[in-house]
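Asks: Pasting structure_16.cif here (mmCIF, C-alpha atoms and all ligand atoms; chains and numbers go by the auth columns):
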```cif
data_start
#
loop_
_atom_site.group_PDB
_atom_site.id
_atom_site.type_symbol
_atom_site.label_atom_id
_atom_site.label_comp_id
_atom_site.label_asym_id
_atom_site.label_seq_id
_atom_site.Cartn_x
_atom_site.Cartn_y
_atom_site.Cartn_z
_atom_site.B_iso_or_equiv
_atom_site.auth_seq_id
_atom_site.auth_asym_id
ATOM 1 C CA MET A 1 -27.053 -228.881 -10.166 0.00 17 A
ATOM 2 C CA ALA A 2 -27.615 -232.509 -9.206 0.00 18 A
ATOM 3 C CA GLY A 3 -26.677 -234.768 -12.074 0.00 19 A
ATOM 4 C CA ASP A 4 -25.530 -238.346 -12.189 0.00 20 A
ATOM 5 C CA PHE A 5 -23.174 -237.713 -9.288 0.00 21 A
ATOM 6 C CA GLY A 6 -25.548 -236.027 -6.817 0.00 22 A
ATOM 7 C CA ASP A 7 -24.814 -232.761 -5.072 0.00 23 A
ATOM 8 C CA LEU A 8 -21.234 -231.695 -5.656 0.00 24 A
ATOM 9 C CA THR A 9 -18.812 -229.649 -3.605 0.00 25 A
ATOM 10 C CA PRO A 10 -16.113 -227.635 -5.369 0.00 26 A
ATOM 11 C CA GLY A 11 -12.748 -229.288 -4.767 0.00 27 A
ATOM 12 C CA VAL A 12 -14.210 -232.680 -3.864 0.00 28 A
ATOM 13 C CA PHE A 13 -14.251 -235.412 -6.470 0.00 29 A
ATOM 14 C CA PRO A 14 -17.464 -237.362 -5.800 0.00 30 A
ATOM 15 C CA THR A 15 -17.358 -240.940 -4.629 0.00 31 A
ATOM 16 C CA ILE A 16 -18.437 -242.760 -7.754 0.00 32 A
ATOM 17 C CA LEU A 17 -17.462 -246.276 -6.720 0.00 33 A
ATOM 18 C CA LYS A 18 -19.610 -247.794 -3.978 0.00 34 A
ATOM 19 C CA ASP A 19 -17.852 -251.167 -3.862 0.00 35 A
ATOM 20 C CA THR A 20 -14.190 -251.825 -3.121 0.00 36 A
ATOM 21 C CA ASN A 21 -14.014 -254.744 -5.594 0.00 37 A
ATOM 22 C CA ALA A 22 -11.437 -256.079 -3.136 0.00 38 A
ATOM 23 C CA ASN A 23 -9.550 -259.316 -3.571 0.00 39 A
ATOM 24 C CA PRO A 24 -7.350 -261.193 -1.065 0.00 40 A
ATOM 25 C CA THR A 25 -4.423 -258.917 -1.971 0.00 41 A
ATOM 26 C CA THR A 26 -6.291 -255.669 -1.292 0.00 42 A
ATOM 27 C CA GLN A 27 -8.858 -256.656 1.376 0.00 43 A
ATOM 28 C CA PRO A 28 -6.620 -255.779 4.389 0.00 44 A
ATOM 29 C CA PHE A 29 -6.376 -252.179 3.128 0.00 45 A
ATOM 30 C CA TRP A 30 -10.174 -251.829 3.023 0.00 46 A
ATOM 31 C CA ASP A 31 -10.661 -253.610 6.358 0.00 47 A
ATOM 32 C CA ALA A 32 -8.320 -251.121 8.046 0.00 48 A
ATOM 33 C CA ALA A 33 -9.932 -248.173 6.248 0.00 49 A
ATOM 34 C CA LYS A 34 -13.294 -249.049 7.805 0.00 50 A
ATOM 35 C CA HIS A 35 -11.671 -248.184 11.137 0.00 51 A
ATOM 36 C CA ASP A 36 -9.924 -245.029 9.853 0.00 52 A
ATOM 37 C CA ARG A 37 -6.559 -246.795 9.747 0.00 53 A
ATOM 38 C CA LEU A 38 -4.145 -246.538 6.843 0.00 54 A
ATOM 39 C CA ALA A 39 -2.594 -249.986 6.458 0.00 55 A
ATOM 40 C CA ALA A 40 0.112 -250.706 3.901 0.00 56 A
ATOM 41 C CA PRO A 41 1.681 -253.986 2.821 0.00 57 A
ATOM 42 C CA ARG A 42 5.459 -254.251 3.142 0.00 58 A
ATOM 43 C CA CYS A 43 7.605 -256.941 1.557 0.00 59 A
ATOM 44 C CA THR A 44 9.101 -259.050 4.342 0.00 60 A
ATOM 45 C CA SER A 45 11.971 -260.016 2.069 0.00 61 A
ATOM 46 C CA CYS A 46 13.334 -256.574 1.096 0.00 62 A
ATOM 47 C CA GLY A 47 11.244 -254.028 3.027 0.00 63 A
ATOM 48 C CA THR A 48 9.641 -252.321 0.016 0.00 64 A
ATOM 49 C CA PHE A 49 6.121 -251.039 0.560 0.00 65 A
ATOM 50 C CA ARG A 50 3.639 -252.316 -2.015 0.00 66 A
ATOM 51 C CA LEU A 51 0.939 -249.651 -2.060 0.00 67 A
ATOM 52 C CA PRO A 52 -1.299 -250.076 -3.996 0.00 68 A
ATOM 53 C CA PRO A 53 -1.165 -253.693 -2.826 0.00 69 A
ATOM 54 C CA SER A 54 0.318 -256.117 -5.307 0.00 70 A
ATOM 55 C CA PRO A 55 0.628 -259.901 -5.264 0.00 71 A
ATOM 56 C CA PHE A 56 4.383 -259.728 -5.941 0.00 72 A
ATOM 57 C CA CYS A 57 7.092 -257.331 -4.803 0.00 73 A
ATOM 58 C CA PHE A 58 8.173 -255.152 -7.726 0.00 74 A
ATOM 59 C CA GLN A 59 11.726 -255.052 -6.327 0.00 75 A
ATOM 60 C CA CYS A 60 12.455 -258.682 -5.451 0.00 76 A
ATOM 61 C CA GLN A 61 9.397 -260.630 -6.731 0.00 77 A
ATOM 62 C CA SER A 62 8.709 -262.097 -3.291 0.00 78 A
ATOM 63 C CA ARG A 63 5.087 -262.907 -2.406 0.00 79 A
ATOM 64 C CA ASP A 64 5.726 -262.489 1.339 0.00 80 A
ATOM 65 C CA VAL A 65 4.092 -259.487 2.922 0.00 81 A
ATOM 66 C CA GLU A 66 3.267 -257.961 6.297 0.00 82 A
ATOM 67 C CA TRP A 67 0.680 -255.245 6.920 0.00 83 A
ATOM 68 C CA LEU A 68 1.705 -252.186 8.900 0.00 84 A
ATOM 69 C CA ASP A 69 -0.325 -249.203 10.050 0.00 85 A
ATOM 70 C CA LEU A 70 1.005 -245.862 8.797 0.00 86 A
ATOM 71 C CA GLN A 71 0.472 -242.480 10.459 0.00 87 A
ATOM 72 C CA GLY A 72 -1.706 -241.181 7.645 0.00 88 A
ATOM 73 C CA THR A 73 0.469 -238.124 7.064 0.00 89 A
ATOM 74 C CA GLY A 74 2.776 -237.278 4.214 0.00 90 A
ATOM 75 C CA THR A 75 3.984 -234.778 1.652 0.00 91 A
ATOM 76 C CA ILE A 76 2.631 -233.861 -1.732 0.00 92 A
ATOM 77 C CA TYR A 77 4.980 -235.500 -4.235 0.00 93 A
ATOM 78 C CA SER A 78 3.125 -234.317 -7.341 0.00 94 A
ATOM 79 C CA PHE A 79 -0.302 -232.931 -8.193 0.00 95 A
ATOM 80 C CA THR A 80 -2.535 -231.498 -10.859 0.00 96 A
ATOM 81 C CA VAL A 81 -5.472 -229.126 -10.652 0.00 97 A
ATOM 82 C CA VAL A 82 -8.419 -230.467 -12.636 0.00 98 A
ATOM 83 C CA ARG A 83 -10.326 -227.522 -14.071 0.00 99 A
ATOM 84 C CA HIS A 84 -12.053 -229.268 -16.957 0.00 100 A
ATOM 85 C CA PRO A 85 -14.718 -231.778 -15.860 0.00 101 A
ATOM 86 C CA LEU A 86 -14.209 -235.377 -16.947 0.00 102 A
ATOM 87 C CA HIS A 87 -17.979 -235.568 -17.377 0.00 103 A
ATOM 88 C CA PRO A 88 -20.419 -232.676 -17.924 0.00 104 A
ATOM 89 C CA ASP A 89 -22.180 -233.439 -14.628 0.00 105 A
ATOM 90 C CA LEU A 90 -18.890 -232.984 -12.737 0.00 106 A
ATOM 91 C CA VAL A 91 -18.601 -229.286 -13.552 0.00 107 A
ATOM 92 C CA ASP A 92 -19.588 -228.243 -10.015 0.00 108 A
ATOM 93 C CA ALA A 93 -16.755 -230.326 -8.502 0.00 109 A
ATOM 94 C CA CYS A 94 -14.129 -228.366 -10.447 0.00 110 A
ATOM 95 C CA PRO A 95 -11.574 -227.196 -9.827 0.00 111 A
ATOM 96 C CA TYR A 96 -10.236 -230.012 -7.653 0.00 112 A
ATOM 97 C CA VAL A 97 -6.754 -231.224 -6.793 0.00 113 A
ATOM 98 C CA SER A 98 -5.595 -234.721 -7.629 0.00 114 A
ATOM 99 C CA GLY A 99 -2.219 -235.508 -6.126 0.00 115 A
ATOM 100 C CA VAL A 100 0.363 -238.126 -5.314 0.00 116 A
ATOM 101 C CA VAL A 101 1.167 -238.226 -1.603 0.00 117 A
ATOM 102 C CA GLU A 102 4.425 -239.680 -0.306 0.00 118 A
ATOM 103 C CA LEU A 103 3.533 -241.316 2.981 0.00 119 A
ATOM 104 C CA ASP A 104 5.413 -240.797 6.247 0.00 120 A
ATOM 105 C CA GLY A 105 6.859 -243.924 7.830 0.00 121 A
ATOM 106 C CA THR A 106 7.684 -245.618 4.558 0.00 122 A
ATOM 107 C CA GLN A 107 11.397 -244.716 4.707 0.00 123 A
ATOM 108 C CA GLY A 108 11.439 -243.777 1.060 0.00 124 A
ATOM 109 C CA ALA A 109 10.454 -247.320 0.178 0.00 125 A
ATOM 110 C CA GLY A 110 7.693 -246.952 -2.304 0.00 126 A
ATOM 111 C CA ALA A 111 4.424 -246.043 -0.582 0.00 127 A
ATOM 112 C CA ARG A 112 2.633 -243.289 -2.442 0.00 128 A
ATOM 113 C CA MET A 113 -1.087 -242.750 -2.888 0.00 129 A
ATOM 114 C CA LEU A 114 -2.988 -241.075 -5.701 0.00 130 A
ATOM 115 C CA VAL A 115 -5.752 -239.140 -3.961 0.00 131 A
ATOM 116 C CA ASN A 116 -8.076 -236.166 -4.028 0.00 132 A
ATOM 117 C CA ILE A 117 -6.595 -233.378 -1.893 0.00 133 A
ATOM 118 C CA ILE A 118 -9.430 -231.413 -0.331 0.00 134 A
ATOM 119 C CA ASP A 119 -9.936 -228.321 1.839 0.00 135 A
ATOM 120 C CA VAL A 120 -7.289 -226.484 -0.125 0.00 136 A
ATOM 121 C CA ASP A 121 -7.045 -223.517 -2.473 0.00 137 A
ATOM 122 C CA PRO A 122 -6.123 -225.131 -5.814 0.00 138 A
ATOM 123 C CA ASP A 123 -3.996 -222.110 -6.687 0.00 139 A
ATOM 124 C CA ALA A 124 -1.999 -222.374 -3.445 0.00 140 A
ATOM 125 C CA VAL A 125 -1.065 -226.091 -3.491 0.00 141 A
ATOM 126 C CA ARG A 126 2.678 -226.760 -3.707 0.00 142 A
ATOM 127 C CA ILE A 127 4.857 -229.856 -4.002 0.00 143 A
ATOM 128 C CA GLY A 128 6.199 -230.621 -0.549 0.00 144 A
ATOM 129 C CA ASP A 129 3.096 -229.389 1.308 0.00 145 A
ATOM 130 C CA ARG A 130 2.307 -231.438 4.421 0.00 146 A
ATOM 131 C CA VAL A 131 -1.002 -233.330 4.297 0.00 147 A
ATOM 132 C CA GLU A 132 -2.990 -235.752 6.437 0.00 148 A
ATOM 133 C CA ILE A 133 -5.539 -238.407 5.600 0.00 149 A
ATOM 134 C CA VAL A 134 -9.296 -237.965 6.029 0.00 150 A
ATOM 135 C CA TRP A 135 -11.700 -240.861 5.614 0.00 151 A
ATOM 136 C CA GLU A 136 -15.091 -240.730 3.930 0.00 152 A
ATOM 137 C CA HIS A 137 -17.360 -243.556 5.062 0.00 153 A
ATOM 138 C CA VAL A 138 -19.287 -244.403 1.903 0.00 154 A
ATOM 139 C CA ASN A 139 -21.098 -247.489 3.193 0.00 155 A
ATOM 140 C CA ASP A 140 -20.490 -250.478 5.498 0.00 156 A
ATOM 141 C CA GLU A 141 -17.854 -251.938 3.207 0.00 157 A
ATOM 142 C CA MET A 142 -16.169 -248.953 1.668 0.00 158 A
ATOM 143 C CA THR A 143 -14.307 -246.028 3.152 0.00 159 A
ATOM 144 C CA THR A 144 -12.502 -243.693 0.775 0.00 160 A
ATOM 145 C CA PRO A 145 -9.267 -241.919 1.667 0.00 161 A
ATOM 146 C CA ARG A 146 -8.635 -238.299 0.829 0.00 162 A
ATOM 147 C CA PHE A 147 -5.947 -235.926 2.081 0.00 163 A
ATOM 148 C CA ARG A 148 -6.083 -232.350 3.351 0.00 164 A
ATOM 149 C CA PRO A 149 -3.408 -229.868 4.439 0.00 165 A
ATOM 150 C CA VAL A 150 -2.050 -230.359 7.957 0.00 166 A
ATOM 151 C CA ARG A 151 -3.383 -227.571 10.128 0.00 167 A
ATOM 152 C CA ALA A 152 -0.867 -225.766 12.303 0.00 168 A
HETATM 153 ZN ZN ZN B . 10.674 -257.291 -1.926 0.00 1 B
#
```
Any chance you could put this one into structure tokens?
Ligand SMILES: [Zn+2]

Replies:
Amino acid sequence: MAGDFGDLTPGVFPTILKDTNANPTTQPFWDAAKHDRLAAPRCTSCGTFRLPPSPFCFQCQSRDVEWLDLQGTGTIYSFTVVRHPLHPDLVDACPYVSGVVELDGTQGAGARMLVNIIDVDPDAVRIGDRVEIVWEHVNDEMTTPRFRPVRA
């Protein structure tokens, strides 16, 4: 069934947004994503990662930031399996996994991403599972990150 969201794949939440709506604080993330790189801002004052990007550090209120490339791997910190569609036309995407991924290379300093975890059996997902980033190139300006289990 092709509704408002086009052809759907079970387990994959469709890309609804076609524009990053970036601002100077978030633009470096999207620029890196275009090249399949996961870049994260880190406070140069205290070392806390600020992902999603924020204009001020939530630990020390500094505005100073440096952008670092991360490996794009991590562990599932938390997740939920969405079985009830948020919109009637999303029924064919269900069930899908929405999770919080703790990113490798952030030394426990605050870099987690809320993402769709794909290529996985929703009934087999566990906290602590190893995952890696996959990029969906939506258009010239926007590339969307998702995560999938790390293959042995
Ligand atoms: Zn700080």

Asks: Please report the interatomic distance between CA of Ile143 in chain A and CA of Thr91 in chain A in Å with one decimal.

Replies: 7.5 Å

Asks: Calculate, to one decimal in Å, the centre and edge lengths of the box along x, y and z of the file that holds all listed atoms of range 42-61 of chain A with 4 Å of margin on each side, and present them as lines of an AutoDock Vina configuration file.

Replies:
```
center_x = -0.7
center_y = -252.5
center_z = 4.9
size_x = 33.3
size_y = 23.0
size_z = 20.4
```

Asks: Show which residues sit within 8 Å of range 43-53 of chain A, as a PyMOL selection string. Count all atoms listed in the file, and ignore same-chain residues fewer than 4 positions away.

Replies: chain A and resi 36+38-39+83+85-86+88+151+153+156-161

Asks: Ranking A:Thr64, A:Asn132, A:Ser114, A:Gln123 by minimum distance to ligand ZN 1 (chain B) and counting only C-alpha atoms and all ligand atoms, which one comes first?

Replies: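 Of all the options, A:Thr64 lies closest to ligand ZN 1 (chain B).
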
Asks: Considering all atoms listed in the file, state which residue in the set A:Val154, A:Leu102, A:Arg164, A:Asp145 is at the smallest distance from Val131 in chain A.

Replies: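 Checking each candidate against Val131 in chain A, we get A:Arg164 as the closest.
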
Asks: Give me, as an mmCIF file with C-alpha atoms, in the coordinates of the input, the set of residues whose atoms come within 10 Å of any atom of ligand ZN 1 (chain B), counting all atoms listed in the file.

Replies:
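Below is the file that was written, part03.cif:
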```cif
data_model
loop_
_atom_site.group_PDB
_atom_site.id
_atom_site.type_symbol
_atom_site.label_atom_id
_atom_site.label_comp_id
_atom_site.auth_asym_id
_atom_site.auth_seq_id
_atom_site.Cartn_x
_atom_site.Cartn_y
_atom_site.Cartn_z
ATOM 1 C CA ARG A 58 5.459 -254.251 3.142
ATOM 2 C CA CYS A 59 7.605 -256.941 1.557
ATOM 3 C CA THR A 60 9.101 -259.050 4.342
ATOM 4 C CA SER A 61 11.971 -260.016 2.069
ATOM 5 C CA CYS A 62 13.334 -256.574 1.096
ATOM 6 C CA GLY A 63 11.244 -254.028 3.027
ATOM 7 C CA THR A 64 9.641 -252.321 0.016
ATOM 8 C CA PHE A 65 6.121 -251.039 0.560
ATOM 9 C CA ARG A 66 3.639 -252.316 -2.015
ATOM 10 C CA PHE A 72 4.383 -259.728 -5.941
ATOM 11 C CA CYS A 73 7.092 -257.331 -4.803
ATOM 12 C CA PHE A 74 8.173 -255.152 -7.726
ATOM 13 C CA GLN A 75 11.726 -255.052 -6.327
ATOM 14 C CA CYS A 76 12.455 -258.682 -5.451
ATOM 15 C CA GLN A 77 9.397 -260.630 -6.731
ATOM 16 C CA SER A 78 8.709 -262.097 -3.291
ATOM 17 C CA ARG A 79 5.087 -262.907 -2.406
ATOM 18 C CA ASP A 80 5.726 -262.489 1.339
ATOM 19 C CA VAL A 81 4.092 -259.487 2.922
#
```

Asks: Find the residues around range 137-139 of chain A up to 12 Å (all atoms listed in the file counted), leave out those fewer than 3 positions away in its own chain, and share them as a list in words.

Replies: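 Counting only the stated atoms, we get Pro26, Gly27, Val28, Phe95, Thr96, Val97, Val98, Arg99, Cys110, Pro111, Tyr112, Val113, Ser114, Gly115, Asn132, Ile133, Ile134, Arg142, Arg164 and Pro165 of chain A.
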
Asks: Report the distance between CA of Pro40 in chain A and CA of Glu118 in chain A in Å, rounded to one decimal place.

Replies: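 For CA of Pro40 in chain A relative to CA of Glu118 in chain A, the distance reads 24.5 Å.
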
Asks: Can you list, as a short mmCIF file (atom, residue, chain, number, x, y, z; two decimals) with C-alpha atoms, in the coordinates of the input, every protein, DNA or RNA residue that comes within 9 Å of Asp108 in chain A when you count all atoms listed in the file, leaving out same-chain residues fewer than 6 positions away?

Replies:
```cif
data_model
loop_
_atom_site.label_atom_id
_atom_site.label_comp_id
_atom_site.auth_asym_id
_atom_site.auth_seq_id
_atom_site.Cartn_x
_atom_site.Cartn_y
_atom_site.Cartn_z
CA MET A 17 -27.05 -228.88 -10.17
CA ASP A 23 -24.81 -232.76 -5.07
CA LEU A 24 -21.23 -231.70 -5.66
CA THR A 25 -18.81 -229.65 -3.60
CA PRO A 26 -16.11 -227.64 -5.37
CA GLY A 27 -12.75 -229.29 -4.77
CA PRO A 101 -14.72 -231.78 -15.86
#
```

Asks: By how many Å are CA of Arg162 in chain A and CA of Ile92 in chain A apart?

Replies: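 These two atoms are separated by 12.4 Å.
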
Asks: Go through A:Leu130, A:Leu119, A:Leu106, A:Val150 and flag the residue nearest Ile32 in chain A, using all atoms listed in the file for the distances.

Replies: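 For Ile32 in chain A, the nearest of the given residues is A:Leu106.
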
Asks: Hey, which of A:Tyr93, A:Leu67, A:Asp120, A:Pro30 ends up closest to Thr42 in chain A? Count only C-alpha atoms.

Replies: A:Leu67

Asks: Could you check the closest approach to Thr89 in chain A for each of A:Ser70, A:Thr31, A:Thr41, A:Thr122 and tell me which residue wins, using all atoms listed in the file?

Replies: A:Thr122

Asks: Residue by residue, what does the PyMOL selection byres (((chain A and resi 167) around 10) and not hetatm) grab here? Present the result as a tab-separated table (two decimals) with C-alpha atoms, in the coordinates of the input.

Replies:
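Saved result, result14.tsv, follows:
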```tsv
chain	number	residue	atom	x	y	z
A	146	ARG	CA	2.31	-231.44	4.42
A	147	VAL	CA	-1.00	-233.33	4.30
A	148	GLU	CA	-2.99	-235.75	6.44
A	164	ARG	CA	-6.08	-232.35	3.35
A	165	PRO	CA	-3.41	-229.87	4.44
A	166	VAL	CA	-2.05	-230.36	7.96
A	168	ALA	CA	-0.87	-225.77	12.30
```

Asks: Rank nothing, just name the residue among A:Leu33, A:Gly90, A:Ala127, A:Asn155 nearest to Ala55 in chain A, using only C-alpha atoms.

Replies: A:Ala127
